[in-house]
file work20.csv (CSV, C-alpha atoms)
chain,number,residue,atom,x,y,z
D,1,VAL,CA,13.3,3.0,1.9
D,2,MET,CA,12.4,3.2,-1.8
D,3,VAL,CA,9.7,1.1,-3.4
D,4,THR,CA,9.7,0.9,-7.2
D,5,GLY,CA,6.3,0.1,-8.7
D,6,ALA,CA,4.7,1.6,-5.6
D,7,GLY,CA,1.4,2.4,-7.3
D,8,GLY,CA,0.7,-1.2,-8.3
D,9,SER,CA,-1.2,-3.9,-6.4
D,10,ILE,CA,1.9,-5.5,-4.7
D,11,GLY,CA,3.9,-2.3,-4.4
D,12,SER,CA,1.1,-0.4,-2.7
D,13,GLU,CA,0.5,-3.1,-0.1
D,14,LEU,CA,4.2,-3.3,0.6
D,15,CYS,CA,4.2,0.5,1.2
D,16,ARG,CA,1.2,0.2,3.6
D,17,GLN,CA,3.2,-2.4,5.6
D,18,ILE,CA,6.5,-0.3,5.5
D,19,VAL,CA,4.7,2.8,6.9
D,20,THR,CA,3.8,0.8,10.0
D,21,ILE,CA,7.5,0.3,10.9
D,22,LYS,CA,8.0,4.0,10.6
D,23,PRO,CA,11.0,4.5,8.4
D,24,SER,CA,12.4,8.1,8.4
D,25,ARG,CA,11.6,8.4,4.6
D,26,LEU,CA,9.5,6.4,2.2
D,27,ILE,CA,10.1,7.0,-1.5
D,28,LEU,CA,7.3,5.9,-3.8
D,29,LEU,CA,8.3,5.6,-7.4
D,30,ASP,CA,6.1,4.6,-10.2
D,31,SER,CA,5.2,5.6,-13.8
D,32,PHE,CA,1.5,5.0,-13.0
D,33,GLU,CA,0.4,8.5,-12.1
D,34,TYR,CA,-3.1,7.8,-10.8
D,35,GLY,CA,-1.9,4.8,-8.7
D,36,LEU,CA,0.9,6.8,-7.2
D,37,TYR,CA,-1.4,9.8,-6.5
D,38,GLU,CA,-4.0,7.5,-4.8
D,39,LEU,CA,-1.3,5.7,-2.7
D,40,GLU,CA,0.3,8.9,-1.5
D,41,ASN,CA,-3.0,10.3,-0.4
D,42,GLU,CA,-4.0,7.1,1.3
D,43,LEU,CA,-0.7,6.8,3.2
D,44,ARG,CA,-0.8,10.4,4.3
D,45,GLU,CA,-4.4,10.0,5.5
D,46,ASN,CA,-4.0,6.6,7.2
D,47,PHE,CA,-0.9,7.2,9.1
D,48,LYS,CA,-2.0,10.5,10.6
D,49,GLY,CA,-3.1,8.5,13.7
D,50,LEU,CA,0.3,6.8,14.2
D,51,GLU,CA,2.5,7.9,17.0
D,52,ARG,CA,5.4,10.0,15.5
D,53,SER,CA,3.8,10.0,12.1
D,54,ASP,CA,5.2,13.4,11.4
D,55,ASP,CA,8.6,11.8,11.4
D,56,ILE,CA,7.9,9.8,8.3
D,57,GLU,CA,8.7,11.7,5.1
D,58,ILE,CA,6.7,10.4,2.1
D,59,ILE,CA,8.0,11.3,-1.3
D,60,ALA,CA,6.0,10.3,-4.4
D,61,LEU,CA,8.0,10.4,-7.6
D,62,LEU,CA,6.8,9.8,-11.1
D,63,GLY,CA,9.5,8.0,-13.1
D,64,SER,CA,10.7,4.9,-14.8
D,65,VAL,CA,13.1,2.3,-13.5
D,66,CYS,CA,14.5,2.3,-17.1
D,67,ASN,CA,15.8,5.8,-16.6
D,68,ARG,CA,19.4,5.4,-15.3
D,69,THR,CA,19.9,9.1,-14.6
D,70,GLN,CA,16.7,9.3,-12.5
D,71,MET,CA,17.5,6.1,-10.6
D,72,GLU,CA,21.0,7.3,-9.7
D,73,ASN,CA,19.8,10.8,-8.8
D,74,VAL,CA,17.0,9.5,-6.5
D,75,ILE,CA,19.2,6.9,-4.8
D,76,GLU,CA,22.0,9.4,-4.3
D,77,SER,CA,19.9,12.4,-3.3
D,78,PHE,CA,17.8,10.7,-0.8
D,79,ALA,CA,20.5,8.4,0.6
D,80,VAL,CA,18.4,5.3,0.1
D,81,ASP,CA,19.2,2.5,2.4
D,82,THR,CA,16.8,-0.2,1.1
D,83,VAL,CA,15.1,-0.7,-2.2
D,84,TYR,CA,12.1,-3.0,-2.7
D,85,HIS,CA,12.0,-3.4,-6.5
D,86,VAL,CA,8.4,-4.3,-7.4
D,87,ALA,CA,8.1,-2.5,-10.7
D,88,ALA,CA,7.4,-5.0,-13.5
D,89,TYR,CA,5.0,-5.9,-16.2
D,90,LYS,CA,3.3,-9.0,-14.7
D,91,GLN,CA,0.2,-9.7,-16.9
D,92,VAL,CA,1.2,-12.7,-18.9
D,93,PRO,CA,-1.1,-12.1,-21.9
D,94,MET,CA,0.0,-8.5,-22.2
D,95,VAL,CA,3.7,-9.3,-22.0
D,96,GLU,CA,3.3,-12.1,-24.6
D,97,LYS,CA,1.9,-9.5,-27.0
D,98,ASN,CA,4.5,-6.9,-26.1
D,99,ILE,CA,7.7,-8.9,-25.8
D,100,VAL,CA,10.2,-6.1,-26.4
D,101,GLU,CA,8.6,-3.8,-23.8
D,102,GLY,CA,8.3,-6.8,-21.4
D,103,ALA,CA,12.1,-7.4,-21.7
D,104,GLN,CA,12.9,-3.7,-21.5
D,105,ASN,CA,10.9,-3.2,-18.3
D,106,ASN,CA,11.4,-6.5,-16.5
D,107,ILE,CA,15.1,-7.1,-17.3
D,108,PHE,CA,16.7,-3.7,-17.9
D,109,GLY,CA,14.2,-2.1,-15.4
D,110,THR,CA,15.8,-4.4,-12.8
D,111,LEU,CA,19.4,-4.0,-14.0
D,112,ILE,CA,19.4,-0.2,-14.0
D,113,PRO,CA,18.1,0.4,-10.4
D,114,ALA,CA,20.3,-2.5,-9.1
D,115,GLN,CA,23.4,-0.9,-10.6
D,116,ALA,CA,22.4,2.4,-9.2
D,117,ALA,CA,21.9,0.8,-5.8
D,118,GLU,CA,25.4,-0.8,-6.0
D,119,LYS,CA,27.0,2.5,-7.2
D,120,TYR,CA,25.6,4.5,-4.3
D,121,GLY,CA,26.1,1.9,-1.5
D,122,VAL,CA,22.4,0.9,-0.9
D,123,LYS,CA,22.5,-1.7,1.8
D,124,ASN,CA,19.6,-3.9,0.7
D,125,PHE,CA,18.1,-4.4,-2.7
D,126,VAL,CA,15.1,-6.8,-2.7
D,127,LEU,CA,13.5,-8.0,-6.0
D,128,ILE,CA,9.9,-9.0,-5.9
D,129,SER,CA,9.7,-11.8,-8.4
D,130,THR,CA,7.1,-14.4,-9.3
D,131,ASP,CA,6.5,-18.2,-9.2
D,132,LYS,CA,6.3,-18.0,-13.0
D,133,ALA,CA,10.1,-17.6,-13.0
D,134,VAL,CA,10.4,-21.2,-12.0
D,135,ARG,CA,11.1,-23.2,-15.2
D,136,PRO,CA,9.2,-20.4,-17.2
D,137,THR,CA,6.7,-21.4,-19.8
D,138,ASN,CA,5.9,-17.9,-21.0
D,139,PHE,CA,7.9,-14.8,-21.8
D,140,MET,CA,6.9,-12.9,-18.7
D,141,GLY,CA,8.2,-15.7,-16.5
D,142,ALA,CA,11.4,-15.8,-18.6
D,143,THR,CA,12.0,-12.0,-18.1
D,144,LYS,CA,11.5,-12.3,-14.4
D,145,ARG,CA,13.9,-15.3,-14.2
D,146,PHE,CA,16.4,-13.3,-16.2
D,147,ALA,CA,16.0,-10.4,-13.7
D,148,GLU,CA,16.7,-12.8,-10.9
D,149,GLN,CA,19.9,-13.9,-12.7
D,150,VAL,CA,20.9,-10.3,-13.1
D,151,LEU,CA,20.8,-9.9,-9.3
D,152,GLN,CA,22.6,-13.2,-8.8
D,153,ALA,CA,25.4,-12.0,-11.0
D,154,LEU,CA,25.6,-8.6,-9.2
D,155,SER,CA,25.7,-10.3,-5.8
D,156,GLN,CA,28.9,-12.1,-6.9
D,157,ARG,CA,30.8,-8.8,-6.9
D,158,ASN,CA,30.9,-8.8,-3.0
D,159,GLY,CA,30.0,-5.1,-2.8
D,160,VAL,CA,28.2,-3.3,-0.1
D,161,THR,CA,24.8,-4.0,-1.5
D,162,LYS,CA,23.1,-7.2,-0.5
D,163,PHE,CA,20.9,-8.4,-3.3
D,164,SER,CA,18.0,-10.7,-2.6
D,165,MET,CA,14.7,-11.8,-4.1
D,166,VAL,CA,11.4,-13.3,-3.1
D,167,ARG,CA,8.9,-15.1,-5.4
D,168,PHE,CA,5.3,-14.4,-4.9
D,169,GLY,CA,2.7,-16.9,-6.2
D,170,ASN,CA,-1.0,-17.2,-6.8

call {"tool": "encode", "arguments": {"input": "work20.csv", "output": "structure tokens"}}
result
Amino acid sequence: VMVTGAGGSIGSELCRQIVTIKPSRLILLDSFEYGLYELENELRENFKGLERSDDIEIIALLGSVCNRTQMENVIESFAVDTVYHVAAYKQVPMVEKNIVEGAQNNIFGTLIPAQAAEKYGVKNFVLISTDKAVRPTNFMGATKRFAEQVLQALSQRNGVTKFSMVRFGN
């Protein structure tokens, strides 16, 4: 299992839940060094008491979902089966002031790992979206809606990868 945006608030909680189902490998990917560092340490410390915890390989990788080469290398090298794509800029005021970066990260940062997943036969790719993607009234919501549409288009190809999404709301 790979979680993009693993060091953030949603990604880190998702990782905490995934560890309890004991995948053979959990890949944590984020560009937020400190969050990634803290999460890796927390997971290693907290799951020591789990039965068969030694069977879970945790790999923390610094990286960007906008880096096509890295996304392809990680997915291929670790034979990723499932991707939870959480990486996104989600703070509305910040994205409104940084529109180009918001589009780059939220739209292309979804397209690139989704295409890599498709290319290397990942079974499941799950986008964590937002309620702000429903009839968006701000740029952040529009970028997340666009990311959803990217996955809807990719799912029409009828490949091996099952693309799905879930919207979280406040």

call {"tool": "atom_distance", "arguments": {"input": "work20.csv", "atom1": "CA of Asn170 (chain D)", "atom2": "CA of Lys132 (chain D)"}}
result
9.6 Å

call {"tool": "residues_around", "arguments": {"input": "work20.csv", "residues": "Val122 (chain D)", "least_positions_apart": "4", "cutoff": "6 Å", "atoms": "only C-alpha atoms", "output": "list in words"}}
result
Asp81, Ala117 and Thr161 of chain D

call {"tool": "write_last_selection", "arguments": {"input": "work20.csv", "atoms": "C-alpha atoms", "output": "JSON list (two decimals), in the frame of the given file"}}
result
[["chain", "number", "residue", "atom", "x", "y", "z"],
["D", 81, "ASP", "CA", 19.20, 2.50, 2.40],
["D", 117, "ALA", "CA", 21.90, 0.80, -5.80],
["D", 161, "THR", "CA", 24.80, -4.00, -1.50]]

call {"tool": "residues_around", "arguments": {"input": "work20.csv", "residues": "Leu151 (chain D)", "least_positions_apart": "2", "cutoff": "8 Å", "atoms": "all atoms listed in the file", "output": "VMD selection string"}}
result
chain D and resid 111 114 147 to 149 153 to 155 163 to 164

call {"tool": "residues_around", "arguments": {"input": "work20.csv", "residues": "Gly121 (chain D)", "least_positions_apart": "3", "cutoff": "10 Å", "atoms": "only C-alpha atoms", "output": "CSV table (one decimal) with C-alpha atoms, in the frame of the given file"}}
result
chain,number,residue,atom,x,y,z
D,75,ILE,CA,19.2,6.9,-4.8
D,76,GLU,CA,22.0,9.4,-4.3
D,79,ALA,CA,20.5,8.4,0.6
D,80,VAL,CA,18.4,5.3,0.1
D,81,ASP,CA,19.2,2.5,2.4
D,82,THR,CA,16.8,-0.2,1.1
D,115,GLN,CA,23.4,-0.9,-10.6
D,116,ALA,CA,22.4,2.4,-9.2
D,117,ALA,CA,21.9,0.8,-5.8
D,118,GLU,CA,25.4,-0.8,-6.0
D,124,ASN,CA,19.6,-3.9,0.7
D,159,GLY,CA,30.0,-5.1,-2.8
D,160,VAL,CA,28.2,-3.3,-0.1
D,161,THR,CA,24.8,-4.0,-1.5
D,162,LYS,CA,23.1,-7.2,-0.5

call {"tool": "closest_residue", "arguments": {"input": "work20.csv", "among": "D:His85, D:Ile107, D:Pro93, D:Pro136", "to": "Met165 (chain D)", "atoms": "only C-alpha atoms"}}
result
D:His85

call {"tool": "build_atoms", "arguments": {"input": "work20.csv", "residues": "region 123-147 of chain D", "atoms": "N, CA and C atoms", "output": "JSON list (two decimals), in the frame of the given file"}}
result
[["chain", "number", "residue", "atom", "x", "y", "z"],
["D", 123, "LYS", "N", 22.24, -0.53, 1.06],
["D", 123, "LYS", "CA", 22.50, -1.70, 1.80],
["D", 123, "LYS", "C", 21.77, -2.96, 1.35],
["D", 124, "ASN", "N", 20.48, -2.79, 1.05],
["D", 124, "ASN", "CA", 19.60, -3.90, 0.70],
["D", 124, "ASN", "C", 18.83, -3.60, -0.58],
["D", 125, "PHE", "N", 18.85, -4.54, -1.52],
["D", 125, "PHE", "CA", 18.10, -4.40, -2.70],
["D", 125, "PHE", "C", 17.27, -5.73, -2.85],
["D", 126, "VAL", "N", 15.95, -5.63, -2.74],
["D", 126, "VAL", "CA", 15.10, -6.80, -2.70],
["D", 126, "VAL", "C", 14.22, -6.80, -4.00],
["D", 127, "LEU", "N", 14.36, -7.82, -4.81],
["D", 127, "LEU", "CA", 13.50, -8.00, -6.00],
["D", 127, "LEU", "C", 12.30, -8.79, -5.66],
["D", 128, "ILE", "N", 11.14, -8.28, -5.99],
["D", 128, "ILE", "CA", 9.90, -9.00, -5.90],
["D", 128, "ILE", "C", 9.70, -9.74, -7.19],
["D", 129, "SER", "N", 9.84, -11.06, -7.18],
["D", 129, "SER", "CA", 9.70, -11.80, -8.40],
["D", 129, "SER", "C", 8.41, -12.63, -8.37],
["D", 130, "THR", "N", 8.36, -13.70, -9.12],
["D", 130, "THR", "CA", 7.10, -14.40, -9.30],
["D", 130, "THR", "C", 7.38, -15.93, -9.37],
["D", 131, "ASP", "N", 6.39, -16.71, -9.00],
["D", 131, "ASP", "CA", 6.50, -18.20, -9.20],
["D", 131, "ASP", "C", 6.61, -18.56, -10.63],
["D", 132, "LYS", "N", 6.22, -17.67, -11.52],
["D", 132, "LYS", "CA", 6.30, -18.00, -13.00],
["D", 132, "LYS", "C", 7.74, -17.95, -13.48],
["D", 133, "ALA", "N", 8.69, -17.54, -12.60],
["D", 133, "ALA", "CA", 10.10, -17.60, -13.00],
["D", 133, "ALA", "C", 10.72, -18.96, -12.80],
["D", 134, "VAL", "N", 9.97, -19.87, -12.18],
["D", 134, "VAL", "CA", 10.40, -21.20, -12.00],
["D", 134, "VAL", "C", 10.15, -22.01, -13.29],
["D", 135, "ARG", "N", 11.21, -22.45, -13.95],
["D", 135, "ARG", "CA", 11.10, -23.20, -15.20],
["D", 135, "ARG", "C", 9.99, -22.46, -16.09],
["D", 136, "PRO", "N", 10.25, -21.23, -16.52],
["D", 136, "PRO", "CA", 9.20, -20.40, -17.20],
["D", 136, "PRO", "C", 8.68, -21.06, -18.45],
["D", 137, "THR", "N", 7.38, -20.92, -18.61],
["D", 137, "THR", "CA", 6.70, -21.40, -19.80],
["D", 137, "THR", "C", 6.13, -20.28, -20.65],
["D", 138, "ASN", "N", 6.39, -19.05, -20.22],
["D", 138, "ASN", "CA", 5.90, -17.90, -21.00],
["D", 138, "ASN", "C", 7.00, -16.81, -20.90],
["D", 139, "PHE", "N", 6.85, -15.82, -21.74],
["D", 139, "PHE", "CA", 7.90, -14.80, -21.80],
["D", 139, "PHE", "C", 7.96, -13.95, -20.56],
["D", 140, "MET", "N", 6.82, -13.65, -19.95],
["D", 140, "MET", "CA", 6.90, -12.90, -18.70],
["D", 140, "MET", "C", 7.68, -13.59, -17.66],
["D", 141, "GLY", "N", 7.44, -14.87, -17.47],
["D", 141, "GLY", "CA", 8.20, -15.70, -16.50],
["D", 141, "GLY", "C", 9.69, -15.68, -16.84],
["D", 142, "ALA", "N", 9.99, -15.77, -18.13],
["D", 142, "ALA", "CA", 11.40, -15.80, -18.60],
["D", 142, "ALA", "C", 12.08, -14.45, -18.25],
["D", 143, "THR", "N", 11.36, -13.34, -18.43],
["D", 143, "THR", "CA", 12.00, -12.00, -18.10],
["D", 143, "THR", "C", 12.22, -11.88, -16.63],
["D", 144, "LYS", "N", 11.32, -12.40, -15.83],
["D", 144, "LYS", "CA", 11.50, -12.30, -14.40],
["D", 144, "LYS", "C", 12.66, -13.24, -13.93],
["D", 145, "ARG", "N", 12.78, -14.39, -14.56],
["D", 145, "ARG", "CA", 13.90, -15.30, -14.20],
["D", 145, "ARG", "C", 15.23, -14.61, -14.63],
["D", 146, "PHE", "N", 15.24, -13.97, -15.78],
["D", 146, "PHE", "CA", 16.40, -13.30, -16.20],
["D", 146, "PHE", "C", 16.79, -12.16, -15.21],
["D", 147, "ALA", "N", 15.77, -11.44, -14.72],
["D", 147, "ALA", "CA", 16.00, -10.40, -13.70],
["D", 147, "ALA", "C", 16.62, -10.99, -12.45]]
